[in-house]
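Q: I'm passing along start_22.pdb; it holds PDB, C-alpha atoms.
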ATOM      1  CA  MET A   1      17.411  79.751 100.169
ATOM      2  CA  LEU A   2      15.278  82.124 102.253
ATOM      3  CA  LYS A   3      18.359  83.802 103.740
ATOM      4  CA  ARG A   4      19.889  84.135 100.256
ATOM      5  CA  MET A   5      16.756  85.839  98.915
ATOM      6  CA  ILE A   6      16.640  88.287 101.832
ATOM      7  CA  LEU A   7      20.357  89.038 101.410
ATOM      8  CA  HIS A   8      19.945  89.569  97.641
ATOM      9  CA  THR A   9      16.998  91.905  98.286
ATOM     10  CA  LEU A  10      19.012  94.022 100.698
ATOM     11  CA  LEU A  11      22.032  94.091  98.365
ATOM     12  CA  ALA A  12      19.804  95.091  95.438
ATOM     13  CA  ALA A  13      18.192  97.812  97.573
ATOM     14  CA  LEU A  14      21.662  99.177  98.359
ATOM     15  CA  LEU A  15      22.729  98.994  94.699
ATOM     16  CA  VAL A  16      19.556 100.618  93.356
ATOM     17  CA  GLY A  17      19.678 103.203  96.144
ATOM     18  CA  ALA A  18      23.301 104.080  95.320
ATOM     19  CA  LEU A  19      22.622 104.279  91.573
ATOM     20  CA  ALA A  20      19.497 106.364  92.156
ATOM     21  CA  ALA A  21      21.335 108.725  94.511
ATOM     22  CA  ALA A  22      24.138 109.140  91.955
ATOM     23  CA  TRP A  23      21.563 109.805  89.231
ATOM     24  CA  GLN A  24      19.799 112.415  91.384
ATOM     25  CA  ALA A  25      23.104 114.075  92.296
ATOM     26  CA  ARG A  26      24.068 114.267  88.610
ATOM     27  CA  ALA A  27      20.668 115.737  87.706
ATOM     28  CA  ALA A  28      21.031 118.284  90.512
ATOM     29  CA  SER A  29      24.536 119.276  89.393
ATOM     30  CA  VAL A  30      23.355 119.715  85.787
ATOM     31  CA  ALA A  31      20.466 121.861  87.040
ATOM     32  CA  GLY A  32      22.857 123.725  89.384
ATOM     33  CA  ALA A  33      25.254 124.451  86.529
ATOM     34  CA  ALA A  34      22.409 125.912  84.491
ATOM     35  CA  THR A  35      20.932 128.036  87.330
ATOM     36  CA  PRO A  36      23.860 130.495  87.999
ATOM     37  CA  ALA A  37      24.093 131.332  84.300
ATOM     38  CA  THR A  38      20.409 132.156  84.268
ATOM     39  CA  ALA A  39      20.691 134.055  87.547
ATOM     40  CA  SER A  40      23.672 136.125  86.395
ATOM     41  CA  HIS A  41      21.941 136.794  83.116
ATOM     42  CA  ALA A  42      18.842 137.932  84.967
ATOM     43  CA  GLY A  43      20.857 139.896  87.560
TER      44      GLY A  43
ATOM     45  CA  MET B   1       2.750  75.831  88.330
ATOM     46  CA  SER B   2       6.009  74.853  86.637
ATOM     47  CA  ALA B   3       6.417  71.284  85.469
ATOM     48  CA  ARG B   4      10.083  71.036  86.340
ATOM     49  CA  LYS B   5      12.608  72.515  88.745
ATOM     50  CA  PRO B   6      14.545  75.559  87.498
ATOM     51  CA  GLY B   7      18.081  75.116  86.171
ATOM     52  CA  ALA B   8      21.020  77.168  87.434
ATOM     53  CA  ALA B   9      20.585  79.976  84.880
ATOM     54  CA  GLU B  10      16.798  80.083  85.360
ATOM     55  CA  MET B  11      17.225  80.180  89.126
ATOM     56  CA  ALA B  12      19.748  83.019  88.814
ATOM     57  CA  ALA B  13      17.315  84.939  86.584
ATOM     58  CA  LEU B  14      14.435  84.430  89.043
ATOM     59  CA  LEU B  15      16.599  85.432  92.007
ATOM     60  CA  ALA B  16      17.867  88.525  90.156
ATOM     61  CA  PHE B  17      14.306  89.517  89.258
ATOM     62  CA  HIS B  18      13.149  89.091  92.862
ATOM     63  CA  ALA B  19      16.145  91.024  94.192
ATOM     64  CA  ILE B  20      15.781  93.945  91.772
ATOM     65  CA  VAL B  21      12.004  94.290  92.191
ATOM     66  CA  SER B  22      12.043  93.970  95.976
ATOM     67  CA  GLY B  23      15.201  96.055  96.454
ATOM     68  CA  ALA B  24      14.037  98.823  94.129
ATOM     69  CA  PHE B  25      10.544  98.773  95.682
ATOM     70  CA  ILE B  26      12.049  99.294  99.154
ATOM     71  CA  VAL B  27      14.031 102.282  97.842
ATOM     72  CA  ALA B  28      11.000 103.710  96.008
ATOM     73  CA  TYR B  29       8.740 103.242  99.040
ATOM     74  CA  LEU B  30      11.159 104.962 101.427
ATOM     75  CA  THR B  31      11.746 107.958  99.139
ATOM     76  CA  GLY B  32       9.507 110.329  97.206
ATOM     77  CA  ASP B  33       9.607 113.552  99.207
ATOM     78  CA  GLU B  34      11.077 116.702  97.640
ATOM     79  CA  ASP B  35      14.655 115.884  98.658
ATOM     80  CA  SER B  36      14.634 112.359  97.283
ATOM     81  CA  TYR B  37      12.227 112.611  94.360
ATOM     82  CA  GLY B  38      14.933 111.723  91.811
ATOM     83  CA  ILE B  39      15.819 108.574  93.771
ATOM     84  CA  HIS B  40      12.117 107.629  93.931
ATOM     85  CA  VAL B  41      11.695 108.039  90.167
ATOM     86  CA  PHE B  42      14.866 106.058  89.375
ATOM     87  CA  ALA B  43      13.871 103.182  91.688
ATOM     88  CA  GLY B  44      10.293 103.207  90.358
ATOM     89  CA  TYR B  45      11.468 102.899  86.751
ATOM     90  CA  ALA B  46      13.809 100.060  87.832
ATOM     91  CA  VAL B  47      10.768  98.207  89.269
ATOM     92  CA  LEU B  48       8.756  98.852  86.100
ATOM     93  CA  ALA B  49      11.592  97.709  83.803
ATOM     94  CA  ALA B  50      12.134  94.514  85.835
ATOM     95  CA  ILE B  51       8.410  93.669  85.805
ATOM     96  CA  LEU B  52       8.067  94.352  82.057
ATOM     97  CA  LEU B  53      11.122  92.163  81.394
ATOM     98  CA  ARG B  54       9.651  89.426  83.610
ATOM     99  CA  MET B  55       6.295  89.600  81.803
ATOM    100  CA  ALA B  56       8.027  89.408  78.408
ATOM    101  CA  THR B  57      10.175  86.467  79.555
ATOM    102  CA  GLY B  58       7.127  84.722  80.998
ATOM    103  CA  ALA B  59       5.157  85.200  77.793
ATOM    104  CA  LEU B  60       8.007  83.925  75.586
ATOM    105  CA  ALA B  61       9.144  81.008  77.781
ATOM    106  CA  PRO B  62       8.114  77.563  76.493
ATOM    107  CA  ALA B  63       5.408  75.552  78.265
ATOM    108  CA  GLY B  64       6.704  73.803  81.385
ATOM    109  CA  SER B  65       9.510  76.335  81.900
ATOM    110  CA  PRO B  66       9.864  77.731  85.444
ATOM    111  CA  LEU B  67      10.135  81.163  83.823
ATOM    112  CA  ARG B  68       6.479  80.994  82.686
ATOM    113  CA  LEU B  69       4.179  83.398  84.523
ATOM    114  CA  PRO B  70       2.381  81.881  87.523
ATOM    115  CA  GLY B  71      -0.959  80.248  86.794
ATOM    116  CA  PRO B  72      -3.111  80.550  89.934
ATOM    117  CA  SER B  73      -5.688  77.789  90.372
ATOM    118  CA  ALA B  74      -8.414  77.721  93.029
ATOM    119  CA  GLY B  75      -8.806  73.961  92.537
ATOM    120  CA  ALA B  76      -5.096  73.353  93.176
ATOM    121  CA  VAL B  77      -5.266  75.413  96.390
ATOM    122  CA  ALA B  78      -8.364  73.527  97.592
ATOM    123  CA  ALA B  79      -6.719  70.145  96.878
ATOM    124  CA  TRP B  80      -3.504  71.237  98.617
ATOM    125  CA  LEU B  81      -5.415  72.492 101.685
ATOM    126  CA  ARG B  82      -7.354  69.203 101.834
ATOM    127  CA  ARG B  83      -4.097  67.222 101.779
ATOM    128  CA  LEU B  84      -2.606  69.536 104.412
ATOM    129  CA  VAL B  85      -5.590  69.133 106.766
ATOM    130  CA  THR B  86      -5.639  65.359 106.366
ATOM    131  CA  GLY B  87      -1.983  65.201 107.420
ATOM    132  CA  ASP B  88      -0.263  64.506 104.086
ATOM    133  CA  ALA B  89       3.388  65.241 104.967
ATOM    134  CA  LYS B  90       4.304  65.786 101.290
ATOM    135  CA  ALA B  91       1.835  68.690 101.081
ATOM    136  CA  ARG B  92       3.897  70.499 103.721
ATOM    137  CA  THR B  93       7.203  70.126 101.879
ATOM    138  CA  GLU B  94       6.234  70.602  98.226
ATOM    139  CA  ARG B  95       5.655  73.967  96.552
ATOM    140  CA  SER B  96       2.305  75.383  97.639
ATOM    141  CA  PRO B  97      -0.154  76.532  94.944
ATOM    142  CA  LEU B  98      -0.792  79.548  97.178
ATOM    143  CA  THR B  99       2.532  80.983  95.952
ATOM    144  CA  ALA B 100       1.143  81.282  92.394
ATOM    145  CA  TRP B 101      -1.759  83.409  93.711
ATOM    146  CA  MET B 102       0.615  85.538  95.735
ATOM    147  CA  ALA B 103       3.019  85.989  92.795
ATOM    148  CA  ALA B 104       0.143  87.027  90.509
ATOM    149  CA  ALA B 105      -1.178  89.489  93.118
ATOM    150  CA  LEU B 106       2.305  90.950  93.625
ATOM    151  CA  LEU B 107       2.995  91.291  89.898
ATOM    152  CA  ALA B 108      -0.368  93.036  89.441
ATOM    153  CA  GLY B 109      -0.145  95.259  92.549
ATOM    154  CA  VAL B 110       3.492  96.314  92.324
ATOM    155  CA  GLY B 111       3.296  96.493  88.513
ATOM    156  CA  LEU B 112       0.292  98.806  88.738
ATOM    157  CA  ALA B 113       2.052 100.983  91.332
ATOM    158  CA  ALA B 114       5.108 101.289  89.057
ATOM    159  CA  ALA B 115       3.041 101.863  85.904
ATOM    160  CA  THR B 116       0.901 104.607  87.485
ATOM    161  CA  GLY B 117       4.119 106.167  88.815
ATOM    162  CA  ALA B 118       5.529 106.312  85.284
ATOM    163  CA  VAL B 119       2.292 107.882  84.030
ATOM    164  CA  ALA B 120       2.281 110.342  86.954
ATOM    165  CA  ASP B 121       5.772 111.419  85.863
ATOM    166  CA  PHE B 122       4.081 113.035  82.860
ATOM    167  CA  VAL B 123       0.439 113.425  83.954
ATOM    168  CA  VAL B 124       0.336 114.989  87.431
ATOM    169  CA  ARG B 125      -3.387 114.158  87.867
ATOM    170  CA  VAL B 126      -2.456 110.470  88.229
ATOM    171  CA  GLU B 127      -0.241 111.188  91.269
ATOM    172  CA  PRO B 128      -2.949 110.572  93.967
ATOM    173  CA  LEU B 129      -3.900 107.252  92.351
ATOM    174  CA  HIS B 130      -0.210 106.242  92.230
ATOM    175  CA  LYS B 131       0.172 107.094  95.921
ATOM    176  CA  GLN B 132      -2.901 105.054  96.877
ATOM    177  CA  ILE B 133      -1.781 101.999  94.892
ATOM    178  CA  GLY B 134       1.749 102.356  96.297
ATOM    179  CA  GLU B 135       0.421 102.416  99.860
ATOM    180  CA  ALA B 136      -1.834  99.421  99.142
ATOM    181  CA  SER B 137       1.181  97.477  97.821
ATOM    182  CA  LEU B 138       2.845  97.427 101.242
ATOM    183  CA  PRO B 139       0.211  95.192 102.953
ATOM    184  CA  LEU B 140       0.416  92.942  99.882
ATOM    185  CA  ILE B 141       4.180  92.604 100.311
ATOM    186  CA  LEU B 142       3.828  92.023 104.059
ATOM    187  CA  ALA B 143       1.278  89.273 103.287
ATOM    188  CA  HIS B 144       3.817  87.760 100.858
ATOM    189  CA  VAL B 145       6.517  87.788 103.564
ATOM    190  CA  ALA B 146       4.067  86.230 106.075
ATOM    191  CA  LEU B 147       3.123  83.488 103.580
ATOM    192  CA  VAL B 148       6.792  82.714 102.853
ATOM    193  CA  PHE B 149       7.563  82.340 106.560
ATOM    194  CA  ALA B 150       4.390  80.300 107.197
ATOM    195  CA  LEU B 151       5.217  77.875 104.350
ATOM    196  CA  HIS B 152       8.828  77.723 105.544
ATOM    197  CA  GLY B 153       7.529  76.870 109.030
ATOM    198  CA  LEU B 154       5.303  74.119 107.585
ATOM    199  CA  LYS B 155       8.326  72.551 105.894
ATOM    200  CA  ARG B 156      10.200  72.441 109.175
ATOM    201  CA  LEU B 157       7.471  70.518 111.000
ATOM    202  CA  PRO B 158       8.476  66.894 111.704
ATOM    203  CA  PRO B 159       7.317  64.662 108.801
ATOM    204  CA  GLY B 160       5.553  62.171 111.071
ATOM    205  CA  LEU B 161       3.384  64.830 112.705
ATOM    206  CA  PRO B 162      -0.278  63.808 112.340
ATOM    207  CA  SER B 163      -2.947  66.419 111.775
ATOM    208  CA  ARG B 164      -5.189  67.328 114.723
ATOM    209  CA  ARG B 165      -8.158  65.867 112.866
ATOM    210  CA  HIS B 166      -6.377  62.521 112.584
ATOM    211  CA  ALA B 167      -5.352  62.608 116.227
ATOM    212  CA  ARG B 168      -8.972  63.176 117.237
ATOM    213  CA  ARG B 169     -10.251  60.387 115.011
ATOM    214  CA  SER B 170      -7.700  57.780 116.033
ATOM    215  CA  PRO B 171      -9.010  55.019 118.280
ATOM    216  CA  PRO B 172      -8.185  55.243 122.014
ATOM    217  CA  SER B 173      -5.838  52.212 121.781
ATOM    218  CA  ASN B 174      -3.509  54.230 119.475
ATOM    219  CA  ARG B 175      -3.213  57.172 121.827
ATOM    220  CA  ALA B 176      -0.258  57.530 124.136
ATOM    221  CA  LEU B 177      -1.171  57.180 127.794
ATOM    222  CA  PRO B 178       0.107  59.837 130.174
TER     223      PRO B 178
END
For the file at hand, write its structure as structure tokens.
A:
Amino acid sequence: MLKRMILHTLLAALLVGALAAAWQARAASVAGAATPATASHAG
Amino acid sequence: MSARKPGAAEMAALLAFHAIVSGAFIVAYLTGDEDSYGIHVFAGYAVLAAILLRMATGALAPAGSPLRLPGPSAGAVAAWLRRLVTGDAKARTERSPLTAWMAAALLAGVGLAAATGAVADFVVRVEPLHKQIGEASLPLILAHVALVFALHGLKRLPPGLPSRRHARRSPPSNRALP
């Protein structure tokens, strides 16, 4: 039982970490797509 | 404390809740600098959502359900400790009332850390408070881990093991000679 809970915790940490990293990468790419347009407009 | 043992679905729900809260807390605790702020926010909201769902489930669950929120009782802890000290073997194997106190402290501490984090997402002034509560949550979680291992160790003690107090009180004729 104890081993199962520790294993589930680590698996959940990996899953949440992967989802969170994907979410951050998507947010960064959306922001990145918006930045050059602004930069070129300004430049 | 719950009146009955959890069924398969209830156990799965409790395990999933524990896994998501602990897993997401680990991710949130290890991130939060400029490079990983998005990961920190995502994991923090996952913790908050899991705790809110747990609170709602606990409030709606019928009396006697294992999904009810823990009800810490000082009297239950005192009685359990008394039985433990007097060498009651069943006190070592059954669920300790200390776990209800620990669960309540964890729900409050980690819940507060997640809630202040969500507020700090919109109100920057709350950020220092969120950081302090987040840092204070780690010793709480380490205490939880220590308690789990200590109770697990108690369960593994041989059932016939008398308490030290009993061993001291027993008459000399009952003691093993070297």
Q: Looking at B:Ile26, B:Ile39, B:Ala63, B:Leu14, which one is nearest to Leu19 in chain A, with distances taken over only C-alpha atoms?
A: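 Going through B:Ile26, B:Ile39, B:Ala63, B:Leu14 one by one, the smallest distance to Leu19 in chain A is for B:Ile39.
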Q: Which of these, A:Ala18, A:Ala25, A:Ala12, A:Ala31, has the shortest distance to chain B once you count all atoms listed in the file?
A: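 Smallest distance to chain B is found for A:Ala12.
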Q: Please write the residues picked by the ChimeraX specification (/B :<8) & /A on this file as number ranges by chain.
A: A: 5, 8-14, 16-17, 20-21, 23-24
Q: So what do you get for CA of Ala105 in chain B versus CA of Gly87 in chain B, distance-wise?
A: 28.2 Å
Q: Could you tell me how far CA of Ala22 in chain A sits from CA of Thr116 in chain B, in Å to one decimal place?
A: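 Here the two named atoms are 24.1 Å from each other.
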Q: With all atoms listed in the file as the basis for distance, which of B:Glu34, B:Leu52, B:Ala89, B:His130 is at the shortest distance from Ala118 in chain B?
A: B:His130
Q: Running the PyMOL selection byres ((chain B and resi 144) around 12) on this model by hand, what would come out? Give it as a PyMOL selection string.
A: chain B and resi 22+98-107+109+137-143+145-151
Q: With distances taken over only C-alpha atoms, which of B:Gly153, B:Gly117, B:Gly71, B:Pro62 is nearest to Arg92 in chain B?
A: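 Closest to Arg92 in chain B of all the choices is B:Gly153.
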Q: Expressed in Å to a single decimal, how great is the separation between CA of Val110 in chain B and CA of Ala74 in chain B?
A: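 It comes out at 22.1 Å.
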Q: Please enclose the listed atoms of range 14-26 of chain B in an axis-aligned box, pad each side by 8 Å, and write out the centre and the three edge lengths in Å, rounded to one decimal, as AutoDock Vina command-line options.
A:
--center_x 14.2 --center_y 91.9 --center_z 94.1 --size_x 23.3 --size_y 30.9 --size_z 26.1
Q: List the residues selected by the PyMOL selection byres ((chain B and resi 54) around 10) in the file shown, writing them as a PyMOL selection string.
A: chain B and resi 13-14+17-18+48-53+55-60+67-69+107
Q: Please return range 3-21 of chain A, rebuilt to N, CA and C atoms, as a compact mmCIF listing (two decimals), keeping the file's coordinate frame.
A:
# COMPACT_ATOMS: atom_id res chain seq x y z
N LYS A 3 17.35 82.82 103.32
CA LYS A 3 18.36 83.80 103.74
C LYS A 3 19.01 84.45 102.52
N ARG A 4 19.25 83.62 101.47
CA ARG A 4 19.89 84.14 100.26
C ARG A 4 18.99 85.18 99.58
N MET A 5 17.68 84.91 99.56
CA MET A 5 16.76 85.84 98.92
C MET A 5 16.69 87.16 99.68
N ILE A 6 16.68 87.07 101.02
CA ILE A 6 16.64 88.29 101.83
C ILE A 6 17.93 89.10 101.63
N LEU A 7 19.06 88.38 101.61
CA LEU A 7 20.36 89.04 101.41
C LEU A 7 20.41 89.71 100.04
N HIS A 8 19.95 89.00 99.00
CA HIS A 8 19.94 89.57 97.64
C HIS A 8 19.06 90.80 97.58
N THR A 9 17.91 90.75 98.28
CA THR A 9 17.00 91.90 98.29
C THR A 9 17.68 93.12 98.90
N LEU A 10 18.35 92.90 100.03
CA LEU A 10 19.01 94.02 100.70
C LEU A 10 20.17 94.56 99.85
N LEU A 11 20.93 93.65 99.23
CA LEU A 11 22.03 94.09 98.36
C LEU A 11 21.50 94.88 97.18
N ALA A 12 20.40 94.39 96.58
CA ALA A 12 19.80 95.09 95.44
C ALA A 12 19.27 96.45 95.87
N ALA A 13 18.69 96.53 97.07
CA ALA A 13 18.19 97.81 97.57
C ALA A 13 19.35 98.80 97.71
N LEU A 14 20.48 98.31 98.21
CA LEU A 14 21.66 99.18 98.36
C LEU A 14 22.17 99.62 96.99
N LEU A 15 22.22 98.69 96.04
CA LEU A 15 22.73 98.99 94.70
C LEU A 15 21.82 99.99 94.00
N VAL A 16 20.51 99.71 94.01
CA VAL A 16 19.56 100.62 93.36
C VAL A 16 19.57 101.98 94.05
N GLY A 17 19.64 101.95 95.38
CA GLY A 17 19.68 103.20 96.14
C GLY A 17 20.90 104.04 95.78
N ALA A 18 22.06 103.37 95.66
CA ALA A 18 23.30 104.08 95.32
C ALA A 18 23.23 104.64 93.90
N LEU A 19 22.74 103.82 92.97
CA LEU A 19 22.62 104.28 91.57
C LEU A 19 21.65 105.45 91.48
N ALA A 20 20.52 105.31 92.19
CA ALA A 20 19.50 106.36 92.16
C ALA A 20 20.01 107.66 92.77
N ALA A 21 20.78 107.53 93.86
CA ALA A 21 21.34 108.72 94.51
C ALA A 21 22.34 109.40 93.58
